[in-house]
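I have placed the structure first, in the form of structure tokens, so that the comments after it can refer back to it.
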Amino acid sequence: MTPGGAGVAQRHDQPTGGPAGLIGSGYEPGGAPGARAAVVDGPHYGPHDGPYDGPGAGPAHAPPHGVHTTHPSLAARTAEEVLADYLHRQSSDFLRSLRLHRESGSDAEGADEAARQLRRAARRISATLHTFRPLAEETWADQLLAELGWLSGTLAREQTCAARRERLMAALTRLTGRGERADRPDRGARDARAARTVPNPADRGSGASASGDPDADAALSAGAARAGALLDRQLTLARTRAHSAALQALGSSRFHAVADSVAVLASEAPLAHAAAELPAADALLPLADQAHRRLAEAVAALPLARAGHPYNAEALTADHRQDAPWHQVRFLVRLARYAQEVIAPESADLRLADAARALDSHRAAAEAAAAAAAAARTPRIAPATAYALGVLHADQRHHVEAARFAFGRVWLSRSPERPARGDAP
């Protein structure tokens, strides 16, 4: 690994200074349009957005499109009616997914899909109770929030381990170009040379890492197979443990208590008495606006001006604490999206959906890079294996940078009215 851990290793198959994830993405050199203004003034919204006159009003806290305006779905309805209706739907989806999971039997694919739908409903219930907590019975809401968080996290680990393994194996194949070399006539000679080659640590930051260098190719090929085997072994073991933990959780009394609480929620939502008396627009809109303000403030604290420049190398440092603010923004984007679903399910904010996809990619790449770095710390591995894991770590950090760039482009977009590209989870 390189001294100081900056990027761990330079990609050998592309020019220095830029992330692989940005190649061919259609970016333009220089900063993203309005990057500086976004940090100071917050995102720009379309001309149809209503005025914002809530607490802390100002450009940096402007709510996303259509949040502050009165929606037809809120007219002549109380806050209790709107919240209860949404919670009933999500709890019904939760119970339906639970039934499908139990009926899936040996159908692993069906069980995985049912678990995804179960977590989807759990996330929406949790987000609703979090955002609109003042309108619920707080003791009950806090307890259900904690239990749904435990359940969702437990069920997510197996799928996360499987997706991380698939991502890293695909990245190793791409980095080594195995598919392209399969038809090359000199493959045997290159493999023989790769077996004899051990990378010189002094060369990793210079010629050995240059694009197209045969020695770097040979060094990477020499360690890629063992690196892949090591990652496969570690992630398969983690997935097996996560699967066992999920099965144990689904059979526990704790889970049955959660399912009973959600079953009650499907017929009767324990909301505060004030929710039955307040008009929906007066009670729900300020809380949804508050969720959007928190999101705008968190995004304003991100280094969007730097991330708006392609190939900025900001994400290549080995200090993963820099990822935490981006993960927090991902959480706040989710809260804002689900608050919008409660208030106006017929008018989804496409910018928030795109932002969620970019930040999901950011988290997946960051965690994959961490897995590669953890594997590189395995005692007594060969230098060629450590080198391949270092290149893999740098590749995933490049994708972290690309995801930040993509998020900045989405957040700074001045064209919110565009076709949807699929629903984010």
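Chain labels follow the order of the structure tokens: the first chain is A, the next B, and so on; residue numbering restarts at 1 in every chain, and ligands are counted from 1 in their shown order.
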_All residues 6 Å or closer to segment 153-158 of chain A, only C-alpha atoms, same chain fewer than 5 positions away omitted, as a VMD selection string_ = chain A and resid 239 242 to 243 246
Please produce a file of the residues just selected, as a tab-separated table (two decimals), in the first residue's frame, where the atoms kept are N, CA and C atoms.
```tsv
chain	number	residue	atom	x	y	z
A	239	ARG	N	-21.78	-14.02	5.18
A	239	ARG	CA	-23.16	-14.22	4.72
A	239	ARG	C	-23.81	-15.41	5.43
A	242	ALA	N	-24.79	-14.23	8.79
A	242	ALA	CA	-25.93	-13.33	8.71
A	242	ALA	C	-27.22	-14.11	8.44
A	243	HIS	N	-27.13	-15.15	7.60
A	243	HIS	CA	-28.30	-15.97	7.33
A	243	HIS	C	-28.78	-16.68	8.59
A	246	ALA	N	-30.44	-14.17	10.84
A	246	ALA	CA	-31.78	-13.80	10.36
A	246	ALA	C	-32.79	-14.88	10.70
```
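Candidate residues A:Leu359, A:Leu145, A:Leu231, A:Ala238 were compared for distance to Ala170 of chain A, and the nearest is A:Leu231, using only C-alpha atoms.
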*asked:* Nearest residue to Arg120 of chain A out of A:Pro134, A:Gly105, A:Pro379, A:Gly149, using only C-alpha atoms?
replied: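 Answer, going by the shortest atom-to-atom distance: A:Gly149.
For Asp282 of chain A, the residues within 9 Å (counting only C-alpha atoms, excluding itself and residues fewer than 4 positions away along the chain) are Ala79, Leu278 and Pro286 of chain A.
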_Between A:Leu302, A:Ala375, A:Gln248, A:Asp93, which residue has the minimum interatomic distance to Glu314 of chain A, considering only C-alpha atoms?_
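Using only C-alpha atoms, the shortest distance to Glu314 of chain A belongs to A:Leu302.
Across A:Ser221, A:Ala370, A:Phe407, A:Ala111, the tightest approach to Arg321 of chain A is made by A:Ala370 when counting only C-alpha atoms.
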*Out of A:Glu401, A:Asp349, A:Asp354, A:Glu367, which residue has the shortest atom-to-atom distance to Thr317 of chain A when counting only C-alpha atoms?*
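Residue with the minimum atom-to-atom distance to Thr317 of chain A: A:Glu401.
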*By how many Å are atom CA of Ala263 of chain A and atom CA of Leu151 of chain A apart?*
15.3 Å
Applying 9 Å and only C-alpha atoms, which residues near Arg397 of chain A remain after dropping the ones on its own chain fewer than 2 positions away? List them as a PDB file with N, CA and C atoms, in the first residue's frame.
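What follows is the written file result_35.pdb:
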```pdb
ATOM      1  N   GLY A   7      -5.501   6.410  -1.333  1.00  0.00           N
ATOM      2  CA  GLY A   7      -5.948   5.606  -2.457  1.00  0.00           C
ATOM      3  C   GLY A   7      -5.388   4.200  -2.432  1.00  0.00           C
ATOM      4  N   PRO A  19     -11.452   8.921 -11.245  1.00  0.00           N
ATOM      5  CA  PRO A  19     -12.164   7.716 -10.876  1.00  0.00           C
ATOM      6  C   PRO A  19     -12.688   6.976 -12.092  1.00  0.00           C
ATOM      7  N   ALA A 315     -12.151  11.616  -2.379  1.00  0.00           N
ATOM      8  CA  ALA A 315     -12.616  10.399  -1.716  1.00  0.00           C
ATOM      9  C   ALA A 315     -11.562   9.311  -1.639  1.00  0.00           C
ATOM     10  N   LEU A 316     -10.343   9.583  -2.111  1.00  0.00           N
ATOM     11  CA  LEU A 316      -9.342   8.523  -2.178  1.00  0.00           C
ATOM     12  C   LEU A 316      -8.534   8.366  -0.902  1.00  0.00           C
ATOM     13  N   THR A 317      -8.731   9.238   0.059  1.00  0.00           N
ATOM     14  CA  THR A 317      -8.008   9.110   1.319  1.00  0.00           C
ATOM     15  C   THR A 317      -8.470   7.873   2.068  1.00  0.00           C
ATOM     16  N   ALA A 318      -7.589   7.314   2.863  1.00  0.00           N
ATOM     17  CA  ALA A 318      -7.913   6.095   3.605  1.00  0.00           C
ATOM     18  C   ALA A 318      -8.704   6.377   4.880  1.00  0.00           C
ATOM     19  N   ALA A 365     -20.074   1.300  -2.384  1.00  0.00           N
ATOM     20  CA  ALA A 365     -18.665   1.391  -2.766  1.00  0.00           C
ATOM     21  C   ALA A 365     -17.775   1.593  -1.540  1.00  0.00           C
ATOM     22  N   ALA A 366     -18.216   2.442  -0.606  1.00  0.00           N
ATOM     23  CA  ALA A 366     -17.412   2.693   0.598  1.00  0.00           C
ATOM     24  C   ALA A 366     -17.253   1.422   1.425  1.00  0.00           C
ATOM     25  N   ALA A 368     -17.550  -1.692   0.306  1.00  0.00           N
ATOM     26  CA  ALA A 368     -16.738  -2.641  -0.452  1.00  0.00           C
ATOM     27  C   ALA A 368     -15.255  -2.310  -0.317  1.00  0.00           C
ATOM     28  N   ALA A 369     -14.921  -1.023  -0.356  1.00  0.00           N
ATOM     29  CA  ALA A 369     -13.525  -0.615  -0.163  1.00  0.00           C
ATOM     30  C   ALA A 369     -13.036  -1.003   1.227  1.00  0.00           C
ATOM     31  N   LEU A 392      -7.804  -3.029  -5.708  1.00  0.00           N
ATOM     32  CA  LEU A 392      -9.256  -3.155  -5.580  1.00  0.00           C
ATOM     33  C   LEU A 392      -9.813  -2.085  -4.644  1.00  0.00           C
ATOM     34  N   HIS A 393      -9.117  -1.833  -3.531  1.00  0.00           N
ATOM     35  CA  HIS A 393      -9.540  -0.777  -2.604  1.00  0.00           C
ATOM     36  C   HIS A 393      -9.569   0.580  -3.306  1.00  0.00           C
ATOM     37  N   ALA A 394      -8.516   0.892  -4.058  1.00  0.00           N
ATOM     38  CA  ALA A 394      -8.468   2.174  -4.766  1.00  0.00           C
ATOM     39  C   ALA A 394      -9.584   2.283  -5.790  1.00  0.00           C
ATOM     40  N   ASP A 395      -9.872   1.178  -6.477  1.00  0.00           N
ATOM     41  CA  ASP A 395     -10.948   1.173  -7.469  1.00  0.00           C
ATOM     42  C   ASP A 395     -12.288   1.511  -6.821  1.00  0.00           C
ATOM     43  N   HIS A 399     -14.996   4.785  -7.085  1.00  0.00           N
ATOM     44  CA  HIS A 399     -16.451   4.744  -7.243  1.00  0.00           C
ATOM     45  C   HIS A 399     -17.148   5.568  -6.163  1.00  0.00           C
ATOM     46  N   VAL A 400     -16.555   5.649  -4.979  1.00  0.00           N
ATOM     47  CA  VAL A 400     -17.081   6.558  -3.952  1.00  0.00           C
ATOM     48  C   VAL A 400     -17.049   7.993  -4.470  1.00  0.00           C
ATOM     49  N   GLU A 401     -15.930   8.372  -5.053  1.00  0.00           N
ATOM     50  CA  GLU A 401     -15.803   9.719  -5.610  1.00  0.00           C
ATOM     51  C   GLU A 401     -16.826   9.949  -6.722  1.00  0.00           C
ATOM     52  N   ALA A 402     -17.005   8.946  -7.582  1.00  0.00           N
ATOM     53  CA  ALA A 402     -17.964   9.085  -8.675  1.00  0.00           C
ATOM     54  C   ALA A 402     -19.389   9.257  -8.148  1.00  0.00           C
TER      55      ALA A 402
END
```
*Counting only C-alpha atoms, which of A:Ser91, A:Thr139, A:Gln159, A:Ser361 gets nearest to Glu113 of chain A?*
A:Gln159
*With a distance cut-off of 9 Å and only C-alpha atoms, select the neighbouring residues of Ala266 of chain A, excluding the residue or stretch itself and same-chain residues fewer than 2 positions from it, and output the selection as a list in words.*
Ala84, Leu87, His88, Arg89, Gln90, Ser91, Ser92, Leu95, Ser261, Val262, Ala263, Val264, Glu268 and Ala269 of chain A
Selection file, N, CA, C and O atoms, as an mmCIF file, in the first residue's frame:
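Contents of out.cif, freshly written:
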```cif
data_model
loop_
_atom_site.group_PDB
_atom_site.id
_atom_site.type_symbol
_atom_site.label_atom_id
_atom_site.label_comp_id
_atom_site.auth_asym_id
_atom_site.auth_seq_id
_atom_site.Cartn_x
_atom_site.Cartn_y
_atom_site.Cartn_z
ATOM 1 N N ALA A 84 -52.813 7.596 9.803
ATOM 2 C CA ALA A 84 -53.325 6.244 10.020
ATOM 3 C C ALA A 84 -53.483 5.499 8.703
ATOM 4 O O ALA A 84 -53.159 4.312 8.608
ATOM 5 N N LEU A 87 -49.949 4.428 7.575
ATOM 6 C CA LEU A 87 -49.414 3.377 8.433
ATOM 7 C C LEU A 87 -50.160 2.063 8.238
ATOM 8 O O LEU A 87 -49.561 0.979 8.288
ATOM 9 N N HIS A 88 -51.473 2.139 8.010
ATOM 10 C CA HIS A 88 -52.242 0.919 7.736
ATOM 11 C C HIS A 88 -51.732 0.232 6.477
ATOM 12 O O HIS A 88 -51.565 -0.991 6.447
ATOM 13 N N ARG A 89 -51.476 1.004 5.424
ATOM 14 C CA ARG A 89 -51.005 0.419 4.166
ATOM 15 C C ARG A 89 -49.636 -0.235 4.347
ATOM 16 O O ARG A 89 -49.405 -1.352 3.866
ATOM 17 N N GLN A 90 -48.736 0.447 5.025
ATOM 18 C CA GLN A 90 -47.394 -0.099 5.179
ATOM 19 C C GLN A 90 -47.376 -1.318 6.098
ATOM 20 O O GLN A 90 -46.648 -2.284 5.842
ATOM 21 N N SER A 91 -48.164 -1.293 7.147
ATOM 22 C CA SER A 91 -48.218 -2.459 8.031
ATOM 23 C C SER A 91 -48.867 -3.646 7.328
ATOM 24 O O SER A 91 -48.457 -4.799 7.543
ATOM 25 N N SER A 92 -49.845 -3.394 6.461
ATOM 26 C CA SER A 92 -50.437 -4.481 5.673
ATOM 27 C C SER A 92 -49.400 -5.081 4.726
ATOM 28 O O SER A 92 -49.336 -6.306 4.556
ATOM 29 N N LEU A 95 -47.095 -7.327 6.819
ATOM 30 C CA LEU A 95 -47.677 -8.626 7.159
ATOM 31 C C LEU A 95 -47.794 -9.519 5.933
ATOM 32 O O LEU A 95 -47.600 -10.736 6.012
ATOM 33 N N SER A 261 -47.061 -6.077 17.167
ATOM 34 C CA SER A 261 -47.229 -4.617 17.200
ATOM 35 C C SER A 261 -47.623 -4.083 15.826
ATOM 36 O O SER A 261 -48.474 -3.193 15.723
ATOM 37 N N VAL A 262 -47.007 -4.619 14.777
ATOM 38 C CA VAL A 262 -47.342 -4.174 13.427
ATOM 39 C C VAL A 262 -48.744 -4.628 13.057
ATOM 40 O O VAL A 262 -49.483 -3.908 12.362
ATOM 41 N N ALA A 263 -49.157 -5.815 13.519
ATOM 42 C CA ALA A 263 -50.517 -6.285 13.252
ATOM 43 C C ALA A 263 -51.549 -5.364 13.885
ATOM 44 O O ALA A 263 -52.607 -5.078 13.300
ATOM 45 N N VAL A 264 -51.255 -4.893 15.098
ATOM 46 C CA VAL A 264 -52.154 -3.913 15.732
ATOM 47 C C VAL A 264 -52.178 -2.626 14.929
ATOM 48 O O VAL A 264 -53.234 -2.007 14.727
ATOM 49 N N GLU A 268 -55.282 -0.293 13.931
ATOM 50 C CA GLU A 268 -55.442 0.885 14.795
ATOM 51 C C GLU A 268 -54.083 1.493 15.079
ATOM 52 O O GLU A 268 -53.224 0.849 15.691
ATOM 53 N N ALA A 269 -53.868 2.718 14.658
ATOM 54 C CA ALA A 269 -52.597 3.407 14.877
ATOM 55 C C ALA A 269 -52.663 4.189 16.183
ATOM 56 O O ALA A 269 -53.516 5.079 16.325
#
```
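In this structure, atom CA of Ala257 of chain A sits 23.4 Å away from atom CA of Arg241 of chain A.
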